[in-house]
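K.L.:
Dropping in start-v4.cif, with mmCIF, C-alpha atoms.
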```cif
data_model
loop_
_atom_site.label_atom_id
_atom_site.label_comp_id
_atom_site.auth_asym_id
_atom_site.auth_seq_id
_atom_site.Cartn_x
_atom_site.Cartn_y
_atom_site.Cartn_z
CA MET A 1 -8.07 19.18 -12.68
CA THR A 2 -5.12 21.52 -12.50
CA MET A 3 -4.47 24.52 -10.34
CA ARG A 4 -2.69 27.37 -12.00
CA SER A 5 -1.96 30.86 -10.76
CA GLU A 6 -3.32 33.48 -13.09
CA ASP A 7 -0.78 33.45 -15.86
CA SER A 8 1.24 30.36 -14.99
CA VAL A 9 1.69 27.59 -17.53
CA LEU A 10 2.65 25.11 -14.83
CA ASP A 11 0.37 23.32 -12.42
CA HIS A 12 1.00 24.47 -8.81
CA TYR A 13 2.00 20.99 -7.64
CA GLN A 14 4.21 20.33 -10.66
CA ALA A 15 6.00 23.59 -9.91
CA MET A 16 6.33 22.48 -6.28
CA GLU A 17 7.95 19.19 -7.30
CA LEU A 18 10.34 20.84 -9.72
CA ALA A 19 11.30 23.47 -7.15
CA VAL A 20 11.77 20.98 -4.31
CA SER A 21 13.87 18.67 -6.50
CA ALA A 22 15.97 21.60 -7.74
CA LEU A 23 16.59 22.86 -4.20
CA MET A 24 17.56 19.40 -2.96
CA ILE A 25 19.97 19.02 -5.89
CA ASP A 26 21.43 22.51 -5.26
CA LYS A 27 21.96 21.56 -1.62
CA GLY A 28 23.73 18.35 -2.64
CA TYR A 29 21.29 15.81 -1.21
CA PHE A 30 21.14 13.99 -4.53
CA THR A 31 21.80 14.63 -8.20
CA GLU A 32 19.60 14.79 -11.28
CA ALA A 33 21.36 11.58 -12.36
CA ASP A 34 20.13 9.93 -9.13
CA MET A 35 16.59 11.02 -10.03
CA VAL A 36 16.88 9.61 -13.54
CA ALA A 37 18.37 6.35 -12.22
CA GLU A 38 15.49 5.97 -9.76
CA ILE A 39 12.90 6.56 -12.49
CA ASP A 40 14.63 3.97 -14.67
CA ALA A 41 14.73 1.46 -11.80
CA MET A 42 11.02 2.01 -11.15
CA ALA A 43 10.23 1.45 -14.83
CA LYS A 44 11.86 -1.96 -14.66
CA ARG A 45 9.58 -3.03 -11.83
CA THR A 46 6.54 -4.51 -13.49
CA PRO A 47 4.14 -7.34 -12.62
CA ASP A 48 6.28 -9.59 -14.85
CA ILE A 49 8.59 -9.99 -11.87
CA GLY A 50 5.77 -11.22 -9.64
CA ALA A 51 4.42 -13.41 -12.42
CA ALA A 52 7.75 -15.20 -12.70
CA VAL A 53 7.70 -15.84 -8.94
CA VAL A 54 4.21 -17.32 -9.22
CA ALA A 55 5.20 -19.53 -12.16
CA ARG A 56 8.20 -20.82 -10.26
CA ALA A 57 6.06 -21.58 -7.20
CA TRP A 58 3.63 -23.52 -9.39
CA THR A 59 6.40 -25.72 -10.79
CA ASP A 60 8.84 -26.02 -7.86
CA PRO A 61 7.30 -27.35 -4.62
CA ASP A 62 10.41 -26.56 -2.57
CA PHE A 63 10.42 -22.95 -3.73
CA LYS A 64 6.70 -22.68 -3.07
CA ALA A 65 7.12 -23.93 0.51
CA ARG A 66 9.91 -21.43 1.12
CA LEU A 67 7.90 -18.63 -0.51
CA LEU A 68 4.93 -19.23 1.77
CA ALA A 69 7.17 -19.45 4.85
CA ASP A 70 9.20 -16.29 4.14
CA GLY A 71 8.39 -14.40 0.96
CA THR A 72 11.31 -12.00 1.12
CA ALA A 73 13.95 -14.69 1.74
CA ALA A 74 12.59 -16.90 -1.03
CA CYS A 75 12.61 -14.05 -3.58
CA GLU A 76 16.10 -12.96 -2.54
CA SER A 77 17.25 -16.55 -3.00
CA ILE A 78 16.44 -16.21 -6.71
CA ASP A 79 18.34 -12.92 -6.89
CA LEU A 80 15.38 -10.56 -6.78
CA ASP A 81 16.06 -7.16 -5.19
CA MET A 82 13.43 -6.80 -2.50
CA GLY A 83 14.76 -3.58 -0.95
CA PRO A 84 13.15 -3.11 2.47
CA THR A 85 10.05 -5.16 1.54
CA ARG A 86 8.80 -7.72 4.05
CA LEU A 87 6.74 -10.00 1.81
CA MET A 88 3.93 -12.32 2.83
CA VAL A 89 2.61 -14.59 0.08
CA VAL A 90 -0.89 -15.96 0.56
CA GLU A 91 -1.99 -19.01 -1.40
CA SER A 92 -5.40 -19.22 -3.01
CA THR A 93 -6.77 -22.75 -3.16
CA GLU A 94 -9.94 -24.70 -3.91
CA THR A 95 -11.35 -23.53 -0.60
CA VAL A 96 -9.76 -20.10 -0.03
CA HIS A 97 -9.69 -17.02 -2.29
CA ASN A 98 -7.38 -14.22 -1.13
CA VAL A 99 -7.67 -10.53 -1.97
CA ILE A 100 -5.37 -7.68 -0.90
CA VAL A 101 -6.07 -4.06 0.02
CA CYS A 102 -4.49 -1.20 1.93
CA THR A 103 -7.45 0.65 3.45
CA LEU A 104 -5.24 3.29 5.10
CA CYS A 105 -3.15 4.34 2.10
CA SER A 106 -1.76 2.37 -0.87
CA CYS A 107 0.80 -0.14 0.42
CA PHE A 108 1.66 -2.53 -2.38
CA PRO A 109 4.54 -4.96 -3.12
CA ARG A 110 6.20 -2.56 -5.56
CA MET A 111 9.47 -4.44 -5.88
CA LEU A 112 7.55 -7.32 -7.49
CA MET A 113 4.68 -5.47 -9.14
CA GLY A 114 5.64 -1.86 -9.84
CA ILE A 115 3.19 0.90 -8.98
CA PRO A 116 -0.33 -0.03 -7.92
CA PRO A 117 -3.22 0.58 -10.34
CA ASP A 118 -5.34 3.68 -9.78
CA TRP A 119 -8.34 1.63 -8.65
CA TYR A 120 -6.33 -0.03 -5.88
CA LYS A 121 -5.65 3.44 -4.42
CA SER A 122 -9.26 4.62 -4.90
CA LYS A 123 -11.64 5.38 -2.06
CA GLU A 124 -14.17 3.03 -3.65
CA TYR A 125 -11.89 -0.02 -3.48
CA ARG A 126 -10.39 0.81 -0.11
CA SER A 127 -13.80 1.44 1.43
CA ARG A 128 -15.76 -1.46 0.00
CA VAL A 129 -13.53 -4.49 -0.51
CA VAL A 130 -13.15 -5.09 3.24
CA ARG A 131 -16.89 -4.90 3.85
CA GLU A 132 -18.42 -6.43 0.71
CA PRO A 133 -15.54 -8.28 -0.99
CA ARG A 134 -17.78 -10.57 -3.05
CA VAL A 135 -19.67 -7.62 -4.51
CA VAL A 136 -16.41 -5.90 -5.46
CA LEU A 137 -14.94 -9.12 -6.86
CA LYS A 138 -18.04 -9.53 -8.99
CA GLU A 139 -17.43 -6.05 -10.45
CA PHE A 140 -14.08 -7.45 -11.61
CA GLY A 141 -15.79 -10.53 -13.02
CA THR A 142 -14.68 -12.87 -10.24
CA GLU A 143 -17.22 -14.95 -8.33
CA PRO A 144 -15.88 -17.45 -5.82
CA GLY A 145 -18.47 -20.05 -4.87
CA ALA A 146 -20.23 -20.16 -1.51
CA ASP A 147 -18.02 -23.12 -0.56
CA VAL A 148 -14.89 -20.97 -1.00
CA ASP A 149 -13.82 -18.71 1.88
CA VAL A 150 -13.02 -15.19 0.69
CA ARG A 151 -10.12 -13.94 2.80
CA VAL A 152 -9.34 -10.22 2.65
CA HIS A 153 -5.91 -8.98 3.77
CA ASP A 154 -5.62 -5.37 4.90
CA ASN A 155 -1.99 -4.19 4.56
CA SER A 156 -2.33 -2.08 7.65
CA ALA A 157 1.27 -2.26 8.83
CA ASP A 158 4.70 -3.41 7.74
CA MET A 159 4.22 -6.50 5.59
CA ARG A 160 3.41 -6.44 1.88
CA TYR A 161 1.10 -9.07 0.47
CA LEU A 162 1.05 -11.01 -2.79
CA VAL A 163 -1.54 -13.58 -3.77
CA LEU A 164 -0.26 -16.88 -5.14
CA PRO A 165 -3.23 -17.57 -7.39
CA ARG A 166 -4.50 -21.03 -8.31
CA ARG A 167 -2.84 -22.65 -11.27
CA PRO A 168 -5.53 -23.03 -13.93
CA GLU A 169 -6.57 -26.27 -15.61
CA GLY A 170 -4.98 -27.27 -18.92
CA THR A 171 -1.50 -26.00 -18.08
CA ASP A 172 0.34 -29.27 -17.48
CA GLY A 173 3.64 -29.38 -19.30
CA MET A 174 3.83 -25.62 -19.83
CA SER A 175 7.21 -24.05 -19.15
CA GLN A 176 7.71 -21.49 -16.40
CA ASP A 177 7.95 -18.72 -19.01
CA GLU A 178 4.68 -19.82 -20.62
CA LEU A 179 2.98 -20.03 -17.24
CA ALA A 180 4.26 -16.60 -16.19
CA LYS A 181 2.57 -15.04 -19.24
CA LEU A 182 -0.82 -16.15 -17.89
CA VAL A 183 -0.35 -14.45 -14.52
CA THR A 184 -1.71 -10.92 -14.36
CA ARG A 185 -1.19 -8.15 -11.84
CA ASP A 186 -4.88 -8.32 -10.94
CA ALA A 187 -4.61 -12.05 -10.19
CA MET A 188 -1.72 -11.34 -7.81
CA ILE A 189 -3.87 -8.72 -6.06
CA GLY A 190 -6.70 -11.22 -5.98
CA VAL A 191 -9.46 -9.40 -7.85
CA LYS A 192 -9.10 -11.78 -10.80
CA ILE A 193 -8.21 -15.43 -11.20
CA VAL A 194 -5.64 -16.76 -13.64
CA GLU A 195 -7.49 -17.81 -16.76
CA ALA A 196 -6.82 -21.14 -18.46
CA PRO A 197 -5.07 -20.73 -21.80
CA MET B 198 -21.12 3.18 13.31
CA SER B 199 -21.23 6.90 14.03
CA ASP B 200 -17.75 7.53 12.57
CA ALA B 201 -16.78 9.96 15.33
CA GLY B 202 -13.04 9.67 15.74
CA ARG B 203 -12.53 8.21 12.27
CA MET B 204 -9.84 10.02 10.32
CA HIS B 205 -10.55 10.72 6.68
CA HIS B 206 -7.88 8.48 5.17
CA ASP B 207 -9.06 5.51 7.28
CA MET B 208 -11.60 4.35 4.75
CA GLY B 209 -12.35 0.70 5.38
CA GLY B 210 -16.08 0.03 5.55
CA ARG B 211 -17.31 3.39 4.31
CA ASP B 212 -20.10 3.58 1.76
CA ALA B 213 -18.79 4.26 -1.74
CA GLY B 214 -19.69 3.73 -5.37
CA PRO B 215 -18.48 1.23 -7.97
CA VAL B 216 -14.76 0.81 -8.51
CA ASP B 217 -13.56 2.60 -11.64
CA GLN B 218 -11.24 0.01 -13.15
CA GLY B 219 -9.71 2.34 -15.71
CA GLY B 220 -6.19 3.64 -15.28
CA HIS B 221 -4.41 6.76 -16.43
CA SER B 222 -1.07 7.17 -18.09
CA HIS B 223 1.63 8.12 -15.68
CA PRO B 224 3.06 11.53 -16.65
CA GLU B 225 6.67 12.43 -16.02
CA TRP B 226 6.01 14.62 -12.99
CA GLU B 227 4.28 11.76 -11.17
CA LYS B 228 7.27 9.51 -11.81
CA ARG B 229 9.49 12.27 -10.43
CA VAL B 230 7.36 12.46 -7.26
CA ASP B 231 7.73 8.68 -6.78
CA ALA B 232 11.48 8.97 -7.38
CA LEU B 233 11.77 11.96 -5.03
CA MET B 234 10.04 10.01 -2.28
CA MET B 235 12.33 7.01 -2.76
CA LEU B 236 15.47 9.16 -2.77
CA LEU B 237 14.48 11.01 0.42
CA SER B 238 13.43 7.95 2.39
CA ASN B 239 15.88 5.27 1.28
CA ASN B 240 18.56 3.86 3.54
CA LYS B 241 21.20 6.05 1.98
CA ARG B 242 19.64 9.29 3.17
CA ARG B 243 16.72 8.62 5.54
CA LEU B 244 15.78 12.30 5.40
CA ILE B 245 12.08 11.63 5.81
CA GLY B 246 10.57 8.35 6.99
CA VAL B 247 7.63 6.80 5.17
CA ASP B 248 5.58 7.10 8.36
CA GLU B 249 6.25 10.85 8.44
CA LEU B 250 5.20 11.09 4.80
CA ARG B 251 1.98 9.18 5.48
CA ARG B 252 1.25 11.33 8.51
CA GLY B 253 1.78 14.44 6.40
CA ILE B 254 -0.90 13.24 3.99
CA GLU B 255 -3.29 12.37 6.81
CA GLU B 256 -2.86 15.87 8.25
CA LEU B 257 -4.01 17.51 5.02
CA GLY B 258 -7.54 17.19 6.36
CA ALA B 259 -10.67 15.70 4.87
CA GLU B 260 -11.47 18.42 2.34
CA ASN B 261 -7.95 18.61 0.88
CA TYR B 262 -7.61 14.84 0.92
CA SER B 263 -10.75 14.53 -1.20
CA LYS B 264 -9.95 17.40 -3.58
CA MET B 265 -6.33 16.56 -4.24
CA THR B 266 -5.06 13.80 -6.46
CA TYR B 267 -2.85 11.02 -5.14
CA TYR B 268 0.37 12.66 -6.35
CA GLU B 269 -0.67 16.16 -5.27
CA ARG B 270 -1.05 14.76 -1.75
CA TRP B 271 2.37 13.13 -1.89
CA VAL B 272 4.21 16.18 -3.15
CA SER B 273 2.48 18.33 -0.49
CA SER B 274 3.50 15.94 2.26
CA ILE B 275 7.08 15.73 1.02
CA THR B 276 7.27 19.53 0.93
CA HIS B 277 5.70 20.06 4.37
CA ASN B 278 8.03 17.51 5.91
CA LEU B 279 11.09 19.17 4.39
CA LEU B 280 9.88 22.55 5.67
CA GLU B 281 9.19 21.16 9.17
CA LYS B 282 12.67 19.69 9.34
CA GLY B 283 14.29 22.90 8.16
CA ILE B 284 15.84 21.19 5.16
CA ILE B 285 14.29 23.82 2.93
CA SER B 286 12.73 27.15 3.84
CA SER B 287 9.49 28.70 2.60
CA ASP B 288 11.49 31.66 1.35
CA GLU B 289 13.79 29.69 -0.91
CA LEU B 290 10.92 27.43 -1.99
CA GLY B 291 8.81 30.39 -3.01
CA ARG B 292 11.67 31.91 -4.98
CA LYS B 293 12.46 28.61 -6.71
CA MET B 294 8.82 27.97 -7.58
CA ALA B 295 8.58 31.43 -9.17
CA GLU B 296 11.80 30.77 -11.07
CA VAL B 297 10.50 27.43 -12.33
CA GLU B 298 7.22 28.99 -13.43
CA ASP B 299 9.06 31.82 -15.22
CA ALA B 300 11.21 29.30 -17.05
CA ALA B 301 8.13 27.34 -18.08
CA ARG B 302 6.38 30.46 -19.34
CA ALA B 303 9.47 31.44 -21.32
CA GLY B 304 10.04 27.95 -22.69
CA GLY B 305 6.45 27.19 -23.67
CA GLU B 306 3.98 24.69 -22.21
CA LYS B 307 5.49 22.00 -19.99
CA ASP B 308 4.16 18.42 -19.92
CA MET C 309 8.94 -11.51 23.50
CA ALA C 310 5.51 -11.77 21.84
CA ARG C 311 2.64 -11.92 24.29
CA PHE C 312 0.21 -13.79 22.03
CA ALA C 313 0.48 -17.04 20.10
CA PRO C 314 -1.34 -18.35 17.02
CA GLY C 315 -4.87 -19.33 17.89
CA ASP C 316 -5.20 -16.93 20.84
CA ASN C 317 -8.42 -14.95 20.83
CA VAL C 318 -7.84 -11.21 21.05
CA THR C 319 -9.96 -8.09 21.06
CA VAL C 320 -8.84 -4.83 19.49
CA ARG C 321 -8.99 -1.96 21.97
CA ARG C 322 -11.81 0.48 21.47
CA ALA C 323 -9.84 3.71 21.46
CA PHE C 324 -9.91 6.54 18.91
CA PRO C 325 -6.84 8.73 19.38
CA PRO C 326 -5.71 11.26 16.81
CA GLY C 327 -2.19 10.89 15.41
CA HIS C 328 -0.78 8.39 12.96
CA VAL C 329 -2.47 5.13 13.90
CA ARG C 330 -2.23 1.98 11.79
CA THR C 331 -5.18 0.23 13.45
CA PRO C 332 -8.09 0.63 11.03
CA TYR C 333 -11.20 2.24 12.50
CA TYR C 334 -13.50 -0.59 11.40
CA ILE C 335 -11.64 -3.22 13.44
CA ARG C 336 -11.56 -1.45 16.79
CA GLY C 337 -13.49 -3.28 19.45
CA LYS C 338 -13.69 -6.46 17.33
CA THR C 339 -12.61 -9.93 18.42
CA GLY C 340 -10.56 -12.31 16.30
CA SER C 341 -7.75 -14.82 16.64
CA ILE C 342 -4.02 -14.65 16.03
CA ALA C 343 -3.28 -16.14 12.60
CA HIS C 344 0.42 -15.36 12.53
CA VAL C 345 3.02 -13.88 14.83
CA LEU C 346 5.04 -11.52 12.64
CA ASP C 347 8.31 -9.84 13.50
CA SER C 348 8.71 -6.85 15.82
CA PHE C 349 8.87 -3.39 14.29
CA ALA C 350 9.49 0.17 15.45
CA ASN C 351 6.20 1.83 16.39
CA PRO C 352 4.84 3.78 13.40
CA GLU C 353 2.82 6.02 15.74
CA GLU C 354 6.16 7.40 16.96
CA LEU C 355 8.09 7.20 13.68
CA ALA C 356 5.43 9.44 12.16
CA PHE C 357 6.64 12.29 14.36
CA GLY C 358 10.33 11.78 13.71
CA ARG C 359 10.99 9.76 16.85
CA ASN C 360 12.73 6.39 16.70
CA GLY C 361 9.75 4.26 17.68
CA LEU C 362 11.80 2.02 19.97
CA PRO C 363 11.51 -0.40 21.60
CA LYS C 364 10.18 -2.47 18.70
CA ARG C 365 6.73 -3.94 19.19
CA PRO C 366 5.41 -7.32 18.08
CA LEU C 367 3.11 -7.25 15.05
CA TYR C 368 0.43 -9.89 14.45
CA ARG C 369 -1.87 -10.95 11.66
CA VAL C 370 -5.23 -11.29 13.31
CA ARG C 371 -8.07 -13.10 11.56
CA PHE C 372 -11.66 -11.97 12.04
CA ALA C 373 -14.87 -13.59 10.86
CA GLN C 374 -16.49 -11.01 8.57
CA SER C 375 -19.84 -11.69 10.24
CA ARG C 376 -18.32 -10.49 13.51
CA VAL C 377 -16.93 -7.29 11.96
CA TRP C 378 -19.97 -6.09 9.97
CA ALA C 379 -23.51 -6.30 11.31
CA ASP C 380 -24.83 -6.51 7.74
CA TYR C 381 -22.22 -8.85 6.21
CA SER C 382 -23.95 -10.72 3.41
CA GLY C 383 -21.36 -13.36 2.46
CA PRO C 384 -20.94 -16.92 3.75
CA ALA C 385 -19.89 -17.67 7.32
CA GLY C 386 -16.38 -18.76 6.29
CA ASP C 387 -15.38 -15.35 4.92
CA THR C 388 -12.67 -13.65 6.96
CA ILE C 389 -10.53 -10.55 7.08
CA ASP C 390 -6.91 -10.50 8.22
CA VAL C 391 -5.55 -7.25 9.65
CA GLU C 392 -2.00 -6.52 10.81
CA LEU C 393 -2.16 -5.21 14.35
CA TYR C 394 0.41 -4.13 16.90
CA GLU C 395 0.45 -5.82 20.28
CA HIS C 396 -0.35 -2.66 22.21
CA TRP C 397 -3.74 -2.52 20.45
CA LEU C 398 -4.70 -6.07 21.47
CA GLU C 399 -6.23 -7.43 24.62
CA SER C 400 -6.70 -11.03 25.58
CA GLU C 401 -10.24 -12.19 25.03
CA GLU C 402 -11.42 -14.13 28.01
CA ILE C 403 -13.38 -17.24 27.24
CA THR C 404 -16.18 -17.67 29.79
#
```
Could I get this file's structure written as structure tokens?

P.N.:
Amino acid sequence: MTMRSEDSVLDHYQAMELAVSALMIDKGYFTEADMVAEIDAMAKRTPDIGAAVVARAWTDPDFKARLLADGTAACESIDLDMGPTRLMVVESTETVHNVIVCTLCSCFPRMLMGIPPDWYKSKEYRSRVVREPRVVLKEFGTEPGADVDVRVHDNSADMRYLVLPRRPEGTDGMSQDELAKLVTRDAMIGVKIVEAP
Amino acid sequence: MSDAGRMHHDMGGRDAGPVDQGGHSHPEWEKRVDALMMLLSNNKRRLIGVDELRRGIEELGAENYSKMTYYERWVSSITHNLLEKGIISSDELGRKMAEVEDAARAGGEKD
Amino acid sequence: MARFAPGDNVTVRRAFPPGHVRTPYYIRGKTGSIAHVLDSFANPEELAFGRNGLPKRPLYRVRFAQSRVWADYSGPAGDTIDVELYEHWLESEEIT
């Protein structure tokens, strides 16, 4: 849905963004080149980064221990730019299945995953996954057993959460790169599991 | 739970329908809003804090919050914060928005 | 200096102020236990209004049994929800 004044070709909010950006550039707060550089940097942040972290944790027990103790420090130790992110990595196991939400807004570990999917920001997900997580997980095709604790994490404050999903069966001997290809964004949010190859 | 005292953005536990798992392609203007937010709030400038930006969205009120898209809310909050801080004025914003719209009308449909 | 330690039982204060509050509505008045003592951060309730939010306040991950949060929770007893909560929203739960 767009809002246009009578004979405008531009959406009201698009015009607002263009005008605000132009004014800030005119006033010298930043340049158009800064804007382009930021857009380019954002484009490079995709779930592939998180997937590589997961694959490394699956194959390197020392890294995994450090990742679970201090997510930001562990990622910085492998030369990832974490910006201001304070990362908490939560491990899914045989007995615990983790799932992440930000009920208050849309907090998400963007430095490792890029922008969150639309559904993560939706009122339906934010309202329901805290209260009926198993019903929501089932909508995504994920059904942890009754003997598995479903643990929801609400990003209500300053940390950002990433799920370290379970390594699937039949992946022994796979390289880190091959393993990383199996790890999806949705598995690192916790609404899906990592499928066996 | 009577919900008195619950603010609209504070959604955990509300009744809601199924989650629409589809996405949408991310047009240029949305990327620019993300970039604008980063540039204003990063350590280099710290013009507006992320908490101020979130509060700006929360203050839109329930009806606006529901009607507006995610990025419309963000650009509104960014703009209101800049106005509140006197970094831009309504007068210059209004003039620039008209200028931008004139340019778009002259140049044909924008994305 | 953090007031609470992992394992401590805490109750979230039942207060409903306007302003920018990062304590979700659904968790107010509920009792859980400290899962993790996080770092201290500037208070977002103050940062939201352009103030510096100092002194920093301890932040905790608090774990709640879902059955104690929702009267109609339908999942197994082991299901939990972790919420990040600031110390000034937490009160010690007395065990009688």

K.L.:
What's the 12 Å shell around Asp158 in chain A, counting all atoms listed in the file, without same-chain residues fewer than 5 positions away, as number ranges by chain?

P.N.:
A: 84-88, 102, 107-109; B: 247-248; C: 330-331, 346-352, 365-369, 391-394

K.L.:
Write to file, as a PDB file, in the frame of the given file, the residues of the selection just made, with C-alpha atoms.

P.N.:
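Full text of selection-v7.pdb as output:
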```pdb
ATOM      1  CA  PRO A  84      13.150  -3.110   2.470  1.00  0.00           C
ATOM      2  CA  THR A  85      10.050  -5.160   1.540  1.00  0.00           C
ATOM      3  CA  ARG A  86       8.800  -7.720   4.050  1.00  0.00           C
ATOM      4  CA  LEU A  87       6.740 -10.000   1.810  1.00  0.00           C
ATOM      5  CA  MET A  88       3.930 -12.320   2.830  1.00  0.00           C
ATOM      6  CA  CYS A 102      -4.490  -1.200   1.930  1.00  0.00           C
ATOM      7  CA  CYS A 107       0.800  -0.140   0.420  1.00  0.00           C
ATOM      8  CA  PHE A 108       1.660  -2.530  -2.380  1.00  0.00           C
ATOM      9  CA  PRO A 109       4.540  -4.960  -3.120  1.00  0.00           C
TER      10      PRO A 109
ATOM     11  CA  VAL B 247       7.630   6.800   5.170  1.00  0.00           C
ATOM     12  CA  ASP B 248       5.580   7.100   8.360  1.00  0.00           C
TER      13      ASP B 248
ATOM     14  CA  ARG C 330      -2.230   1.980  11.790  1.00  0.00           C
ATOM     15  CA  THR C 331      -5.180   0.230  13.450  1.00  0.00           C
ATOM     16  CA  LEU C 346       5.040 -11.520  12.640  1.00  0.00           C
ATOM     17  CA  ASP C 347       8.310  -9.840  13.500  1.00  0.00           C
ATOM     18  CA  SER C 348       8.710  -6.850  15.820  1.00  0.00           C
ATOM     19  CA  PHE C 349       8.870  -3.390  14.290  1.00  0.00           C
ATOM     20  CA  ALA C 350       9.490   0.170  15.450  1.00  0.00           C
ATOM     21  CA  ASN C 351       6.200   1.830  16.390  1.00  0.00           C
ATOM     22  CA  PRO C 352       4.840   3.780  13.400  1.00  0.00           C
ATOM     23  CA  ARG C 365       6.730  -3.940  19.190  1.00  0.00           C
ATOM     24  CA  PRO C 366       5.410  -7.320  18.080  1.00  0.00           C
ATOM     25  CA  LEU C 367       3.110  -7.250  15.050  1.00  0.00           C
ATOM     26  CA  TYR C 368       0.430  -9.890  14.450  1.00  0.00           C
ATOM     27  CA  ARG C 369      -1.870 -10.950  11.660  1.00  0.00           C
ATOM     28  CA  VAL C 391      -5.550  -7.250   9.650  1.00  0.00           C
ATOM     29  CA  GLU C 392      -2.000  -6.520  10.810  1.00  0.00           C
ATOM     30  CA  LEU C 393      -2.160  -5.210  14.350  1.00  0.00           C
ATOM     31  CA  TYR C 394       0.410  -4.130  16.900  1.00  0.00           C
TER      32      TYR C 394
END
```

K.L.:
Could you work out which residues of chain A fall inside 9 Å of chain C? Count all atoms listed in the file, and format the result as a list in words.

P.N.:
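My answer is Val96, Thr103, Leu104, Val130, Arg131, Glu132, Pro133, Arg134, Ala146, Asp147, Val148, Asp149, Val150, Arg151, Val152, His153, Asp154, Asn155, Ser156, Ala157, Asp158 and Met159 of chain A.
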
K.L.:
Name the residues in contact with Glu91 in chain A at a cut-off of 7 Å, using all atoms listed in the file, excluding same-chain residues fewer than 3 positions from it; report them as a list in words.

P.N.:
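The residues satisfying every condition are Val163, Leu164 and Pro165 of chain A.
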
K.L.:
Could you list the residues in chain C lying within 6 Å of chain B, using all atoms listed in the file, and format the result as a ChimeraX atom specification?

P.N.:
/C:324,328,355-356

K.L.:
Quick one, how far is CA of Val99 in chain A from CA of Gly83 in chain A?

P.N.:
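Rounded to one decimal, the two atoms are 23.5 Å apart.
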
K.L.:
Please report the interatomic distance between CA of Arg160 in chain A and CA of Val89 in chain A in Å with one decimal.

P.N.:
8.4 Å

K.L.:
Point out the residue among C:Ser400, C:Arg376, C:Gly337, C:Val345 with the least atom-to-atom distance to Val318 in chain C, counting all atoms listed in the file.

P.N.:
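Closest residue, counting all atoms listed in the file: C:Ser400.
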
K.L.:
For the atom pair CA of Ala65 in chain A and CA of Val90 in chain A, what is the interatomic distance in Å to one decimal place?

P.N.:
11.3 Å

K.L.:
List the residues selected by the PyMOL selection byres ((chain A and resi 186) around 12) in the file shown, writing them as an NGL selection string.

P.N.:
(:A and (47-48 or 50-51 or 98-101 or 113 or 116-117 or 119-120 or 137 or 140-142 or 162-165 or 182-185 or 187-195)) or (:B and (218))

K.L.:
Just range 385-396 of chain C from the block, N, CA and C atoms, as a tab-separated table (two decimals), in the first residue's frame, could you?

P.N.:
```tsv
chain	number	residue	atom	x	y	z
C	385	ALA	N	6.11	-30.00	30.42
C	385	ALA	CA	6.53	-29.25	31.61
C	385	ALA	C	7.95	-28.70	31.50
C	386	GLY	N	8.79	-29.28	30.66
C	386	GLY	CA	10.18	-28.83	30.55
C	386	GLY	C	10.37	-27.61	29.67
C	387	ASP	N	9.33	-27.17	28.98
C	387	ASP	CA	9.47	-26.01	28.08
C	387	ASP	C	9.66	-24.75	28.90
C	388	THR	N	10.59	-23.89	28.42
C	388	THR	CA	10.92	-22.68	29.16
C	388	THR	C	11.01	-21.48	28.21
C	389	ILE	N	11.03	-20.32	28.82
C	389	ILE	CA	11.29	-19.09	28.07
C	389	ILE	C	12.31	-18.27	28.84
C	390	ASP	N	13.34	-17.84	28.13
C	390	ASP	CA	14.38	-16.98	28.70
C	390	ASP	C	14.13	-15.55	28.26
C	391	VAL	N	14.15	-14.63	29.19
C	391	VAL	CA	13.94	-13.21	28.88
C	391	VAL	C	15.09	-12.43	29.50
C	392	GLU	N	15.57	-11.42	28.78
C	392	GLU	CA	16.63	-10.56	29.33
C	392	GLU	C	15.98	-9.46	30.15
C	393	LEU	N	16.36	-9.36	31.40
C	393	LEU	CA	15.70	-8.40	32.29
C	393	LEU	C	16.73	-7.62	33.08
C	394	TYR	N	16.45	-6.34	33.26
C	394	TYR	CA	17.31	-5.49	34.06
C	394	TYR	C	17.04	-5.67	35.55
C	395	GLU	N	18.08	-5.50	36.33
C	395	GLU	CA	18.01	-5.75	37.76
C	395	GLU	C	16.90	-4.96	38.45
C	396	HIS	N	16.68	-3.72	37.99
C	396	HIS	CA	15.69	-2.90	38.71
C	396	HIS	C	14.26	-3.39	38.49
```
